[in-house]
Amino acid sequence: LNSKDVMRQSFERTQSRVVLALDLEIQDPQMLIEKSRSILSDVKEYICGVKINRQLLLSLGLPTLRDIVSQAHEYSLPVIMDAKLNDVGHTNAFMMRSFVQAGFDAVIASPVPGWEDGMDSVFDLARKEGKAVILLVYMSNPGAERFYSMMVDGPRRKPIFEHFAELAVQWKAHGVVVGATRPAIISRVRSLVGKIAIYSPGIGTQGGDAREALDAGATYLIVGRTIFAAARPEEAARRLCALTRACHQN
Ligand code: BMP
């Protein structure tokens, strides 16, 4: 599980475009790990990957998280670390090395620090280690518009998210994140990034529609609470998976 397009391979095997955001919030670490493991086991047939965020990272720490990464790998599912890397080079490099050592297949990073002594270290390490970098291009929350649609000057005046999409191409990112709550932005980003994978969070609980996101050009749906907080997570995952299986583009 350490070549760049593990997500694509996983999609080809599973025919699912659902990436589970395993963001459980449970105080007791033992209960948190048990519940996380059981949700993962329940939905494994219906997902193509797992995304882990700060809820698990901060509550369990990296050494314990390895168990969940290993469990996902036992199911042949790639795992993304969503730490939204956003710092100067040496700090990014330290985080990236730690995530590589913990077995993650991909990381999510912000384009805002820029390349030199910023994101260069993340992309360099990813290339050496055969890992993927997914760049944040447009967030799903209502307040995101203020910044991500801000018009900026350059050879052509355009919204800043278009620059981010172009940076993803230039930096050879494996994927980009674009909120499912804005299908028109997904379409625009699709036209800018060519075949690069678009990961789309914000389905269900945040108001985004799975079908609309896929029709607009999303490659994968990142789904958390709509699956793990459902009365029957397996059923919620199965339904979303069936929807993505019926969709053959991107
Ligand atoms: P949920 O399906 O429960 O709304 O979770 C969405 C997941 O995607 C969370 O882990 C969140 O941090 C992440 N995410 C998001 O919701 N919007 C973004 O723009 C970027 C994200 O990474």
# chains A, B, ... in the order shown; residues from 1 in each chain; ligands from 1

$ residues_near_ligand --ligand "ligand 1" --cutoff "8 Å" --atoms "only C-alpha atoms and all ligand atoms" --output "ChimeraX atom specification"
/A:21-23,51-53,82,84,108,136,138-141,144,177-179,200-206,222-227

$ select_by_dssp --residues "region 40-90 of chain A" --states "alpha helix (DSSP H)" --output "ChimeraX atom specification"
/A:40-43,54-74,89-90

$ atom_distance --atom1 "CA of Ile186 (chain A)" --atom2 "CA of Ala216 (chain A)"
5.8 Å

$ closest_residue --among "A:Phe94, A:Pro63, A:Glu162, A:Arg245" --to "Glu12 (chain A)" --atoms "only C-alpha atoms"
A:Arg245

$ atom_distance --atom1 "CA of Arg157 (chain A)" --atom2 "CA of Ser187 (chain A)"
19.2 Å

$ closest_residue --among "A:Pro233, A:Pro155, A:Gly208, A:Pro29" --to "Leu221 (chain A)" --atoms "only C-alpha atoms"
A:Gly208

$ residues_around --residues "Arg66 (chain A)" --least-positions-apart "2" --cutoff "12 Å" --atoms "only C-alpha atoms" --output "PyMOL selection string"
chain A and resi 33+37+52+56-57+60-64+68-73+79+81+98-104

$ select_by_dssp --residues "region 31-192 of chain A" --states "strand (DSSP E or B)" --output "PyMOL selection string"
chain A and resi 49-52+79-85+106-109+132-138+151-152+158-159+175-178

$ residues_around --residues "Gly89 (chain A)" --least-positions-apart "4" --cutoff "6 Å" --atoms "only C-alpha atoms" --output "PDB file with N, CA, C and O atoms, in the first residue's frame"
ATOM      1  N   ALA A  93       8.006  18.982   7.630  1.00  0.00           N
ATOM      2  CA  ALA A  93       8.809  17.780   7.363  1.00  0.00           C
ATOM      3  C   ALA A  93       8.725  16.827   8.547  1.00  0.00           C
ATOM      4  O   ALA A  93       8.580  15.611   8.373  1.00  0.00           O
ATOM      5  N   ASP A 117      10.524  26.366   1.345  1.00  0.00           N
ATOM      6  CA  ASP A 117      10.543  26.201   2.796  1.00  0.00           C
ATOM      7  C   ASP A 117       9.128  26.162   3.394  1.00  0.00           C
ATOM      8  O   ASP A 117       8.896  26.649   4.502  1.00  0.00           O
ATOM      9  N   GLY A 118       8.216  25.628   2.645  1.00  0.00           N
ATOM     10  CA  GLY A 118       6.837  25.482   3.107  1.00  0.00           C
ATOM     11  C   GLY A 118       6.379  24.093   2.725  1.00  0.00           C
ATOM     12  O   GLY A 118       6.656  23.108   3.412  1.00  0.00           O
ATOM     13  N   SER A 121       8.924  20.606   1.418  1.00  0.00           N
ATOM     14  CA  SER A 121       9.390  19.473   2.233  1.00  0.00           C
ATOM     15  C   SER A 121       8.353  18.341   2.238  1.00  0.00           C
ATOM     16  O   SER A 121       8.710  17.160   2.254  1.00  0.00           O
TER      17      SER A 121
END

$ atom_distance --atom1 "CA of Ser59 (chain A)" --atom2 "CA of Met31 (chain A)"
11.1 Å
